[in-house]
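Novice: Below is the structure I would like to discuss, written out as structure tokens.
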Amino acid sequence: MTPPPATVQAPGSGETFLLNLGPQHPATHGVLRLKLTMDGEYITRAEPVCGYVHRMHEKMGENRKYAQFLPNTSRIDYLSAMHYTHAFVGAVERALGLAVPPRAEYIRVITSELNRISSHLVWFGAFLLDLGGFTPLLYAFDDREQILDLLEAITGSRLTYCYYRFGGVCHDIDNAFLEGTRAFVARMRPRLRLYHELVTDNIILRNRLIGIGPIPLELCRRYGATGPVIRGSGAAYDVRKTEPYSVYPQFDFDVPVYPEGDSMARYRVRMDEIEQSLRIVEQALERLPSGPVRAEGVPRVLKLPAGEFCCAVEAARGRFAVRIVSDRREIPWRVKLRTPSFSNLSLFEEASRGMMLPDAIALLGSLDLVIPDIDR
Amino acid sequence: MTPSPEQIARELASRFPPSPPADAPPPAAPALASTGGPAGATPAEGGAAEAGTVRMLDYARCGCHLEAHVQPAQVVAAAALMDQFGFALDTITGLDWLPAGRMEIVYDFFHPHATLRVAVRTRVPRDQPDVPTVSSIFPGANWHERETHDFFGIRFLGHPGLTPLLLPEEAAFHPLRKDFTG
Amino acid sequence: MSVSLPEPLRLFALLAGAMAFVGLNAAYLVWAERKAAGRFQRRPGPTEAGPAGLLQPVADVLKLISKQLMVPPGADAVLFRAAPVLVLVPAMICLAVIPFGERWVAREMPLGLLVLFAFGSIQVMAVMLGGWASRNKYAIISAARIVSQDVAYEIPMLLVMITLLMVTGTMDLGEIVRQQAGGFWRWHLFRLDANPLMPLTFVIYYICMLAETNRAPFDMAEAESELVAGAYTEYSGMGFGVFFMAEYANIVVGCATATVLFLGGWQSPIGVGSGPVWFLAKLYGLVFSVIWVRWTFPRTQFYGLLNLSWKILIPASLFILVLSGAALQLSGS
Amino acid sequence: MRATLREIVLGCRSLLVGMRVTMVEFFKPVVTVPYPHEALRMPERYRGPIELVRDPATGRAICYACQLCARACPSGCITVEGVKREGERRKRVTQYQLDFSLCSLCGACVEACPDAAIRFSKRYNWATPHKEEFLLDLVRQLEQESR
């Protein structure tokens with residue numbers, strides 16, 4: 001077996017070589033493969049190749065009852081399991097017209113926002129790892145561990161929570177969780193200041209991110225990019241605000257928007273979102289109503305009326321939507337999962353053209369991809 | 001400037017009227033159904049809604065404001081219209097209505113600045129599932145169409161590279177077809 | 001050296017000593033780095049092998065030695081094997097001329113500084129050679145980066161050296177240290193009379209040293225999140241181990257040079273009790289700062305690195321050079 | 001020129017601030033748990049592989065093989081068999097097989113059980129190179145415990 005000849009030509013010579021970044025590569029966070037056509041260190045074409053962790057969740061959805069599909073929702077994007085479960089139970093609740101008790105909705109908001117913070121913390125660490133800084137990763141994981149401990153205590157699992165049920169949540173939360181969450185909110189604010197001192201203000205990081213990988217709003221729109229990607233390009237698109245679900249309208253929070261569209265803008269959006277999520281959690285803790293956590297009258301045998309039911313949520317990476325097509329049977333006719341990482345990655349080819357390799361990796365990191373979320 | 005659902009519905013209805021049967025006079029006004037129940041159809045009646053129907057939907061119930069059925073040949077024009085209105089492409093997916101012998105392609109759109117969700121639908125025969133690509137208008141459609149081709153075998157004519165995206169490179173099967181057996 | 005040995009024996013003892021020092025030093029610097037990195041990240045670092053993980057380097061070395069050495073198909077086998085050796089030997093030669101104390105120098109030479117710089121830049125070329133010979137695209141990109149990085153950082157480093165030479169007037173490292181006797185205000189770092197920008201000179205040297213040794217935040221050549229392991233991608237077992245050893249040997253050489261030139265070598269900061277202990281304290285203090293920097297910052301972008309050199313460091317060091325000359329002229333020597 | 005100098009000064013300051021941050025952390029205690037020597041306690045709701053619950057009155061498993069768990073399982077990893085003995089009102093579980101290699105610990109079985117006859121164990125650090133070892137016979141497990 002002889003490897004293809006590897007030659008590096010000066011830029012502009014027109015002679016290119018193919019560089020396989022992945023499927024096993026430190027910067028692809030899983031099993032994404034980028035087929036890079038390189039001109040020296042400049043990328044002339046970057047073609048993402050996905051499907052390495054394709055599990056066909058949509059087919060599984062057609063083969064099992066609604067309640068049996070719930071565990072799957074935690075495993076599509078394992079970093080924002082709460083949001084994904086929320087979308088699925090949301091679609092079913094819409095179809096059945098179930099009224100979820102307010103306490104359950106508040107618990108959902110608290111857990112969802114904690115999940116968002118933990119997801120952003122993973123991104124923060126992994127992004128810095130892409131940029132060659134290892135220490136912030138471990139600081140972020142230390143904070144994330146606090147969230148995982150809290151969520152594990154109430155859900156019994158650290159990542160694949162499977163905590164929401166049709167018409168409510170699985171168990172009620174206890175005082176220890178409330179105390180722990182308050183303590184976490186109190187702890188997180190100074191930690192954010194530490195992150196800003198160590199990372200955000202750092203001149204090396206600023207030089208690596210400011211102006212790098214600009215994604216114009218128009219590009220986001222045409223590719224359907226959502227979440228921090230579109231918010232970093234100047235559109236205040238947040239499903240929690242534009243298509244309100246659960247009890248989000250009752251909370252006072254801002255949607256961070258930066259118009260620059262570069263990697264720094266996306267970085268800032270996510271860091272600000274941690275702050276905003278803390279605000280929401282604080283408010284929800286303050287106003288947490290008492291009462292039941294599961295709706296009355298959820299049928300034991302769940303059959304949806306015929307028709308199509310969609311529910312979208314703002315997951316940590318953007319808009320996640322479930323479309324259930326029902327034909328009145330116990331199992332759905334079709335379950336469509338619209339995942340944010342899929343659309344966010346699809347613009348990479350166009351956005352990375354002409355970039356240098358390290359910048360493209362910064363861009364890739366700033367998109368915050370979870371590969372199983374793309375491959376499903 | 002964000003359009004209202006009614007405005008979009010009127011525009012869609014007037015641009016994509018039901019195709020008149022050969023021996024019938026064209027309808028006087030475009031069909032615009034009022035706020036209806038759940039979107040879509042069931043397998044039994046799959047494909048019953050005629051192209052040209054535009055329906056306002058109960059958002060609280062089915063998470064969508066508006067759905068429009070168009071002819072397969074009209075999807076590019078419909079996508080261009082949505083583009084003009086400033087919509088973003090949410091997703092493209094297929095539905096296999098095996099009992100009715102048809103397949104449906106659903107184009108979902110969301111608006112980056114407004115609370116507005118629109119679904120454009122078209123139906124093709126199962127034995128010849130061809131539909132033009134909209135990737136020239138929404139480049140993001142490229143991947144969604146590849147995925148839909150993977151799962152349903154729907155052919156998007158004019159697509160720049162309809163190779164498997166999520167399935168293995170040599171995959172010649174379409175797992176979400178209802179007659180697919182592992 | 002009070003005991004006089006015949007020359008060949010002396011040379012042999014010297015080489016053996018240098019090798020032992022380089023090996024031990026590398027092994028325990030790795031341990032120290034891992035421990036320090038652990039503390040920076042609020043974890044304990046290695047703990048399992050021996051007390052406080054002190055036997056970890058032994059375990060690492062055993063593991064590396066027991067691994068198969070692979071030469072990738074299509075690679076230039078001779079250059080591929082030669083590169084690790086070429087990267088280690090210059091570091092050892094450099095160590096031979098560095099005075100650890102008044103009499104603690106393996107080979108005193110009037111042109112010691114020149115030796116340091118002549119051999120100091122070879123290691124970069126050897127890493128490049130390894131990358132080029134590997135026949136791996138990542139390694140080749142890394143090799144190309146190393147060349148331009150080396151070209152960019154040799155220049156300010158040499159300019160800084162010329163500035164320093166103007167102050168010292170000699171290339172004899174022992175002599176340079178002796179000039180700095182009598183307390184820390186006599187160190188070249190604080191010789192503001194000779195050049196008011198002396199601390200800045202030190203900073204420029206320090207940055208160049210980081211870049212020359214491919215240490216974070218200038219570890220573009222290795223850049224594990226971009227180039228997997230850069231030039232070392234194809235090296236296995238001790239091939240990689242030697243590169244690793246050389247990296248630490250070069251850090252020590254760079255820091256030792258800084259200690260000799262700027263921090264008064266073996267001279268005590270209070271003027272009394274000078275000796276090799278001071279030299280080692282300063283040396284490992286600097287090494288610790290290198291580790292500290294690595295575990296604090298992200299990696300620079302490649303053109304950021306070149307910009308820093310060509311647009312900031314070179315003009316600044318030229319300015320310092322001119323200033324130094326002017327100061328020398330004015331003081332009327 | 002001025003802007004450049006300003007940027008250099010601010011940049012150097014940001015670097016020093018960052019180094020201060022890591023140095024402060026350097027002297028703080030470690031936050032990790034040295035795992036094999038020390039282990040965290042699993043919380044009350046921790047979802048480990050399921051186990052049968054003993055009826056304190058009879059000393060046997062509560063389970064009477066109603067099959068609800070097996071039917072609720074999305075992965076089909078539970079096989080239950082029971083025998084109805086003479087003079088007893090309900091069946092007794094004779095075999096409860098859990099294929100843990102398929103189980104995703106979703107808890108559908110525990111939720112489906114009408115008599116709380118199964119529960120999650122707290123077992124978490126479990127690894128084996130043999131897949132067959134994940135084929136658990138919960139009835140036998142319960143019997144072994146009582147010995």
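Residues in the structure tokens are numbered from 1 in each chain, the chains being A, B, ... in the order shown, and ligands are numbered from 1 in the order shown.
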For chain C against chain A, which residues fall within 6 Å using only C-alpha atoms, given as an mmCIF file with all heavy atoms, in the first residue's frame?

Specialist:
data_model
loop_
_atom_site.group_PDB
_atom_site.id
_atom_site.type_symbol
_atom_site.label_atom_id
_atom_site.label_comp_id
_atom_site.auth_asym_id
_atom_site.auth_seq_id
_atom_site.Cartn_x
_atom_site.Cartn_y
_atom_site.Cartn_z
ATOM 1 N N GLN C 41 -5.025 22.973 36.717
ATOM 2 C CA GLN C 41 -6.378 22.563 36.344
ATOM 3 C C GLN C 41 -7.113 21.938 37.514
ATOM 4 O O GLN C 41 -8.140 21.307 37.330
ATOM 5 C CB GLN C 41 -6.293 21.581 35.175
ATOM 6 C CG GLN C 41 -5.703 22.247 33.963
ATOM 7 C CD GLN C 41 -5.188 21.257 32.954
ATOM 8 O OE1 GLN C 41 -5.113 20.065 33.221
ATOM 9 N NE2 GLN C 41 -4.844 21.749 31.785
ATOM 10 N N LYS C 137 0.763 14.017 5.169
ATOM 11 C CA LYS C 137 0.402 15.396 4.815
ATOM 12 C C LYS C 137 0.414 16.308 6.032
ATOM 13 O O LYS C 137 0.832 17.463 5.949
ATOM 14 C CB LYS C 137 -0.961 15.409 4.144
ATOM 15 C CG LYS C 137 -0.909 14.780 2.767
ATOM 16 C CD LYS C 137 -2.295 14.584 2.220
ATOM 17 C CE LYS C 137 -2.241 13.744 0.950
ATOM 18 N NZ LYS C 137 -3.566 13.400 0.480
ATOM 19 N N SER C 225 -4.719 19.891 17.732
ATOM 20 C CA SER C 225 -6.109 19.963 17.295
ATOM 21 C C SER C 225 -6.232 20.255 15.800
ATOM 22 O O SER C 225 -7.312 20.230 15.255
ATOM 23 C CB SER C 225 -6.872 21.010 18.107
ATOM 24 O OG SER C 225 -6.328 22.275 17.889
ATOM 25 N N TRP C 295 0.017 26.228 30.008
ATOM 26 C CA TRP C 295 -1.277 25.790 30.527
ATOM 27 C C TRP C 295 -2.220 26.948 30.776
ATOM 28 O O TRP C 295 -3.220 26.797 31.458
ATOM 29 C CB TRP C 295 -1.084 24.928 31.770
ATOM 30 C CG TRP C 295 -0.344 23.701 31.402
ATOM 31 C CD1 TRP C 295 0.954 23.426 31.654
ATOM 32 C CD2 TRP C 295 -0.847 22.602 30.635
ATOM 33 N NE1 TRP C 295 1.300 22.219 31.091
ATOM 34 C CE2 TRP C 295 0.217 21.696 30.469
ATOM 35 C CE3 TRP C 295 -2.084 22.292 30.067
ATOM 36 C CZ2 TRP C 295 0.077 20.499 29.766
ATOM 37 C CZ3 TRP C 295 -2.224 21.113 29.384
ATOM 38 C CH2 TRP C 295 -1.154 20.231 29.232
ATOM 39 N N PHE C 297 -2.553 29.664 28.037
ATOM 40 C CA PHE C 297 -3.001 30.321 26.807
ATOM 41 C C PHE C 297 -3.432 29.355 25.712
ATOM 42 O O PHE C 297 -2.909 28.249 25.627
ATOM 43 C CB PHE C 297 -1.882 31.204 26.248
ATOM 44 C CG PHE C 297 -1.465 32.275 27.199
ATOM 45 C CD1 PHE C 297 -0.143 32.488 27.481
ATOM 46 C CD2 PHE C 297 -2.418 33.050 27.833
ATOM 47 C CE1 PHE C 297 0.234 33.473 28.371
ATOM 48 C CE2 PHE C 297 -2.051 34.036 28.719
ATOM 49 C CZ PHE C 297 -0.715 34.241 28.994
ATOM 50 N N PRO C 298 -4.343 29.826 24.853
ATOM 51 C CA PRO C 298 -4.608 29.074 23.628
ATOM 52 C C PRO C 298 -3.466 29.278 22.623
ATOM 53 O O PRO C 298 -2.599 30.117 22.835
ATOM 54 C CB PRO C 298 -5.911 29.678 23.107
ATOM 55 C CG PRO C 298 -5.997 31.019 23.712
ATOM 56 C CD PRO C 298 -5.224 30.985 24.989
ATOM 57 N N ARG C 299 -3.498 28.513 21.575
ATOM 58 C CA ARG C 299 -2.455 28.579 20.558
ATOM 59 C C ARG C 299 -2.683 29.797 19.658
ATOM 60 O O ARG C 299 -3.812 30.150 19.357
ATOM 61 C CB ARG C 299 -2.499 27.303 19.734
ATOM 62 C CG ARG C 299 -1.391 27.143 18.744
ATOM 63 C CD ARG C 299 -1.565 25.846 17.969
ATOM 64 N NE ARG C 299 -1.689 24.714 18.877
ATOM 65 C CZ ARG C 299 -2.748 23.937 18.945
ATOM 66 N NH1 ARG C 299 -3.768 24.130 18.154
ATOM 67 N NH2 ARG C 299 -2.791 22.943 19.800
ATOM 68 N N THR C 300 -1.585 30.409 19.223
ATOM 69 C CA THR C 300 -1.744 31.549 18.310
ATOM 70 C C THR C 300 -2.039 31.022 16.907
ATOM 71 O O THR C 300 -1.747 29.881 16.583
ATOM 72 C CB THR C 300 -0.462 32.386 18.234
ATOM 73 O OG1 THR C 300 0.604 31.509 17.902
ATOM 74 C CG2 THR C 300 -0.183 33.070 19.532
ATOM 75 N N GLN C 301 -2.591 31.890 16.109
ATOM 76 C CA GLN C 301 -2.787 31.538 14.704
ATOM 77 C C GLN C 301 -1.446 31.696 14.011
ATOM 78 O O GLN C 301 -0.571 32.427 14.459
ATOM 79 C CB GLN C 301 -3.838 32.484 14.154
ATOM 80 C CG GLN C 301 -4.414 32.362 12.774
ATOM 81 C CD GLN C 301 -4.155 31.156 11.964
ATOM 82 O OE1 GLN C 301 -3.100 30.541 12.043
ATOM 83 N NE2 GLN C 301 -5.098 30.834 11.121
#

Novice: Check every residue of chain B for an atom within 10 Å of chain A, counting only C-alpha atoms, and provide those that qualify as a count of residues only.

Specialist: 58

Novice: Could you please write out, as JSON, numbers by chain, every residue of chain D that DSSP assigns to strand (DSSP E)?

Specialist: {"D": [50, 51, 52, 78, 79, 80, 81, 82, 83, 84, 91, 92, 93, 94, 95, 96, 97, 98, 99, 118, 119, 120, 135, 136, 137]}

Novice: Could you please take those selected residues and save N, CA and C atoms as a compact mmCIF listing (two decimals), in the first residue's frame?

Specialist:
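Listing of part_6.txt after writing:
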# COMPACT_ATOMS: atom_id res chain seq x y z
N ILE D 50 -31.62 -3.15 36.34
CA ILE D 50 -32.72 -3.40 37.26
C ILE D 50 -32.51 -4.68 38.06
N GLU D 51 -33.19 -4.77 39.19
CA GLU D 51 -33.16 -5.98 39.99
C GLU D 51 -34.56 -6.23 40.54
N LEU D 52 -34.81 -7.46 40.96
CA LEU D 52 -36.12 -7.82 41.50
C LEU D 52 -36.20 -7.39 42.96
N ILE D 78 -36.13 -7.79 27.93
CA ILE D 78 -36.61 -8.49 29.12
C ILE D 78 -37.42 -9.72 28.70
N THR D 79 -37.11 -10.86 29.31
CA THR D 79 -37.91 -12.07 29.10
C THR D 79 -38.35 -12.56 30.48
N VAL D 80 -39.64 -12.67 30.70
CA VAL D 80 -40.13 -13.11 32.00
C VAL D 80 -40.96 -14.37 31.82
N GLU D 81 -40.74 -15.30 32.72
CA GLU D 81 -41.58 -16.49 32.72
C GLU D 81 -42.05 -16.76 34.15
N GLY D 82 -43.26 -17.24 34.27
CA GLY D 82 -43.77 -17.54 35.60
C GLY D 82 -44.61 -18.81 35.57
N VAL D 83 -44.75 -19.42 36.72
CA VAL D 83 -45.56 -20.64 36.84
C VAL D 83 -46.60 -20.42 37.90
N LYS D 84 -47.77 -20.86 37.62
CA LYS D 84 -48.83 -20.78 38.63
C LYS D 84 -48.87 -22.11 39.39
N LYS D 91 -49.25 -16.14 39.76
CA LYS D 91 -48.08 -16.84 39.26
C LYS D 91 -46.86 -16.44 40.07
N ARG D 92 -45.84 -17.25 40.01
CA ARG D 92 -44.56 -16.90 40.61
C ARG D 92 -43.55 -16.78 39.49
N VAL D 93 -42.69 -15.80 39.61
CA VAL D 93 -41.68 -15.65 38.57
C VAL D 93 -40.66 -16.78 38.69
N THR D 94 -40.40 -17.44 37.58
CA THR D 94 -39.39 -18.50 37.61
C THR D 94 -38.13 -18.07 36.87
N GLN D 95 -38.34 -17.22 35.90
CA GLN D 95 -37.17 -16.75 35.16
C GLN D 95 -37.38 -15.29 34.77
N TYR D 96 -36.39 -14.47 35.07
CA TYR D 96 -36.44 -13.06 34.67
C TYR D 96 -35.10 -12.74 34.04
N GLN D 97 -35.10 -12.73 32.71
CA GLN D 97 -33.83 -12.51 32.02
C GLN D 97 -33.75 -11.09 31.50
N LEU D 98 -32.63 -10.46 31.81
CA LEU D 98 -32.39 -9.11 31.31
C LEU D 98 -31.13 -9.15 30.46
N ASP D 99 -31.28 -8.77 29.19
CA ASP D 99 -30.10 -8.66 28.34
C ASP D 99 -29.57 -7.25 28.47
N ILE D 118 -39.86 -4.42 40.49
CA ILE D 118 -38.48 -4.25 40.02
C ILE D 118 -38.04 -2.84 40.37
N ARG D 119 -36.76 -2.69 40.54
CA ARG D 119 -36.19 -1.37 40.86
C ARG D 119 -34.80 -1.28 40.25
N PHE D 120 -34.29 -0.07 40.23
CA PHE D 120 -32.93 0.12 39.72
C PHE D 120 -31.93 -0.25 40.79
N LEU D 135 -25.94 -11.03 30.16
CA LEU D 135 -27.22 -11.72 30.14
C LEU D 135 -27.56 -12.10 31.58
N LEU D 136 -28.39 -11.33 32.20
CA LEU D 136 -28.60 -11.48 33.64
C LEU D 136 -29.84 -12.32 33.92
N ASP D 137 -29.70 -13.21 34.90
CA ASP D 137 -30.87 -13.93 35.39
C ASP D 137 -31.21 -13.33 36.75

Novice: Report the residues of stretch 65-137 of chain C whose backbone DSSP state falls under alpha helix (DSSP H), written as a ChimeraX atom specification.

Specialist: /C:65,77-97,112-120,122-133,137

Novice: If we count only C-alpha atoms, what is near C:Leu158 at a cut-off of 12 Å, once residues fewer than 6 positions away on the same chain are taken out, given as a list in words?

Specialist: Leu113, Leu114, Leu116, Phe117, Ala118, Gly120, Ser121, Asp150, Val151, Ala152, Leu164, Leu165, Thr201, Ile204, Tyr205, Cys208, Met209, Leu313, Ile314, Ser317, Leu318 and Leu321 of chain C

Novice: Can you check which residues of chain C have any atom within 9 Å of chain D? Use only C-alpha atoms and format it as a list in words.

Specialist: Ala36, Ala37, Gly38, Arg39, Phe40, Gln41, Arg42, Arg43, Pro44, Thr47, Trp292, Val293, Trp295, Thr296, Phe297 and Ile312 of chain C

Novice: List the spatial neighbours of stretch 99-104 of chain A as a PyMOL selection string - criterion: any atom at most 7 Å away, only C-alpha atoms, same-chain residues fewer than 6 positions off excluded.

Specialist: chain A and resi 167-169+288-295

Novice: Write out as number ranges by chain each polymer residue whose atoms come within 8 Å of B:Arg121, counting only C-alpha atoms; drop sequence neighbours fewer than 6 positions from it.

Specialist: B: 67-70, 104-107

Novice: Starting from chain A, keep only residues with some atom at most 10 Å from an atom of chain D, counting only C-alpha atoms, and report them as an MDAnalysis selection string.

Specialist: chainID A and resid 60 63:72 74 135:136 139 142 149:150 152:158 160:163 170:171 194:204 206:207

Novice: The selected residues should be written to file as a short mmCIF file (atom, residue, chain, number, x, y, z; two decimals), in the first residue's frame (atoms: C-alpha atoms).

Specialist:
data_model
loop_
_atom_site.label_atom_id
_atom_site.label_comp_id
_atom_site.auth_asym_id
_atom_site.auth_seq_id
_atom_site.Cartn_x
_atom_site.Cartn_y
_atom_site.Cartn_z
CA MET A 60 -37.04 3.50 15.17
CA ASN A 63 -41.48 0.98 15.05
CA ARG A 64 -42.29 1.77 18.63
CA LYS A 65 -44.96 3.36 20.75
CA TYR A 66 -44.74 6.99 21.68
CA ALA A 67 -43.56 6.29 25.23
CA GLN A 68 -40.99 3.87 23.94
CA PHE A 69 -39.47 6.48 21.69
CA LEU A 70 -38.81 8.82 24.63
CA PRO A 71 -35.39 7.35 25.49
CA ASN A 72 -34.30 7.89 21.88
CA SER A 74 -32.09 11.89 24.78
CA THR A 135 -7.03 24.42 30.94
CA PRO A 136 -10.39 26.15 30.28
CA TYR A 139 -12.55 24.51 34.47
CA ASP A 142 -15.75 21.31 36.82
CA ASP A 149 -24.80 16.07 39.79
CA LEU A 150 -27.96 18.11 40.24
CA GLU A 152 -28.53 13.09 38.14
CA ALA A 153 -30.04 13.41 41.59
CA ILE A 154 -33.50 14.12 40.15
CA THR A 155 -33.43 12.13 36.93
CA GLY A 156 -31.11 9.25 37.80
CA SER A 157 -28.89 9.83 34.80
CA ARG A 158 -26.09 12.18 33.91
CA THR A 160 -29.55 10.73 28.79
CA TYR A 161 -32.07 12.07 31.25
CA CYS A 162 -35.36 10.94 29.74
CA TYR A 163 -37.03 12.99 32.44
CA CYS A 170 -41.19 11.86 35.76
CA HIS A 171 -40.57 12.80 39.39
CA LEU A 194 -13.07 34.02 35.53
CA TYR A 195 -13.74 32.72 32.02
CA HIS A 196 -13.82 36.23 30.67
CA GLU A 197 -10.55 37.10 32.37
CA LEU A 198 -8.81 33.91 31.34
CA VAL A 199 -10.25 33.49 27.87
CA THR A 200 -12.56 36.15 26.42
CA ASP A 201 -10.19 39.08 27.00
CA ASN A 202 -7.13 37.11 26.02
CA ILE A 203 -5.38 38.78 23.11
CA ILE A 204 -4.37 35.50 21.50
CA ARG A 206 -9.27 37.60 20.22
CA ASN A 207 -6.83 37.55 17.36
#

Novice: Would you mind reading off the distance between atom CA of C:Leu173 and atom CA of C:Val290, one decimal, in Å?

Specialist: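 About the pair atom CA of C:Leu173 and atom CA of C:Val290: they are 22.8 Å apart.
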
Novice: Tell me, as a VMD selection string, which residues lie within 6 Å of A:Thr85, counting only C-alpha atoms; anything in the same chain fewer than 3 positions away does not count.

Specialist: chain A and resid 73 82 88

Novice: Based on the selection just made, write N, CA and C atoms of those residues as a CSV table (one decimal), in the first residue's frame.

Specialist:
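The resulting part-v2.csv:
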chain,number,residue,atom,x,y,z
A,73,THR,N,-35.0,10.2,22.3
A,73,THR,CA,-34.8,11.6,22.2
A,73,THR,C,-33.6,12.1,22.9
A,82,MET,N,-32.5,17.2,27.4
A,82,MET,CA,-33.7,17.8,27.9
A,82,MET,C,-34.5,18.4,26.8
A,88,PHE,N,-40.3,16.5,21.8
A,88,PHE,CA,-41.1,15.3,21.5
A,88,PHE,C,-42.4,15.2,22.3

Novice: I'd like the contact shell of stretch 231-236 of chain C - 8 Å cut-off, only C-alpha atoms, skipping same-chain residues fewer than 5 positions apart - returned as a list in words.

Specialist: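 Listed by chain and then number, they are Leu64, Lys67, Gln68, Leu69, Met70, Val71, Pro72, Val127, Met128, Gly130, Gly131, Trp132, Ser134, Asn136, Tyr138, Ala139, Ile140, Ser142, Ala143, Ala221, Glu222, Gly241 and Phe243 of chain C.
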
Novice: Using only C-alpha atoms, please write the residues we just selected to a file, as a PDB file, in the first residue's frame.

Specialist:
ATOM      1  CA  LEU C  64       7.897   3.774  24.828  1.00  0.00           C
ATOM      2  CA  LYS C  67       6.884  -0.236  21.346  1.00  0.00           C
ATOM      3  CA  GLN C  68       7.699  -1.062  17.791  1.00  0.00           C
ATOM      4  CA  LEU C  69       9.456   1.550  15.721  1.00  0.00           C
ATOM      5  CA  MET C  70       7.525   2.027  12.515  1.00  0.00           C
ATOM      6  CA  VAL C  71       8.751   3.574   9.313  1.00  0.00           C
ATOM      7  CA  PRO C  72       5.729   4.484   7.216  1.00  0.00           C
ATOM      8  CA  VAL C 127      12.104  18.479  13.337  1.00  0.00           C
ATOM      9  CA  MET C 128      11.385  19.775   9.863  1.00  0.00           C
ATOM     10  CA  GLY C 130      11.376  14.430  10.425  1.00  0.00           C
ATOM     11  CA  GLY C 131       8.168  15.962   9.167  1.00  0.00           C
ATOM     12  CA  TRP C 132       9.348  15.997   5.593  1.00  0.00           C
ATOM     13  CA  SER C 134       7.404  11.055   7.175  1.00  0.00           C
ATOM     14  CA  ASN C 136       2.386  12.331   5.784  1.00  0.00           C
ATOM     15  CA  TYR C 138      -0.031  16.618   8.338  1.00  0.00           C
ATOM     16  CA  ALA C 139       3.682  16.204   8.962  1.00  0.00           C
ATOM     17  CA  ILE C 140       4.522  18.101   5.801  1.00  0.00           C
ATOM     18  CA  SER C 142       3.923  21.015  10.039  1.00  0.00           C
ATOM     19  CA  ALA C 143       7.380  20.988   8.453  1.00  0.00           C
ATOM     20  CA  ALA C 221       4.194  22.641  14.486  1.00  0.00           C
ATOM     21  CA  GLU C 222       2.613  20.106  16.787  1.00  0.00           C
ATOM     22  CA  GLY C 241      10.231   9.599  22.904  1.00  0.00           C
ATOM     23  CA  PHE C 243      11.602  14.074  20.139  1.00  0.00           C
TER      24      PHE C 243
END

Novice: How far is it from atom CA of C:Gly237 to atom CA of C:Val253, in Å with one decimal?

Specialist: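 Atom CA of C:Val253 lies at a distance of 24.4 Å from atom CA of C:Gly237.
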
Novice: For each of C:Ala27, C:Ala77, C:Val242, C:Ile176, take the minimum atom-to-atom distance to C:Leu55, counting only C-alpha atoms, then give the residue where this is smallest.

Specialist: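 The closest residue to C:Leu55 is C:Ala27.
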
Novice: For atom CA of C:Phe319 and atom CA of C:Met161, determine how far apart the two atoms are, in Å to one decimal place.

Specialist: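 Taking atom CA of C:Phe319 and atom CA of C:Met161, their separation equals 13.4 Å.
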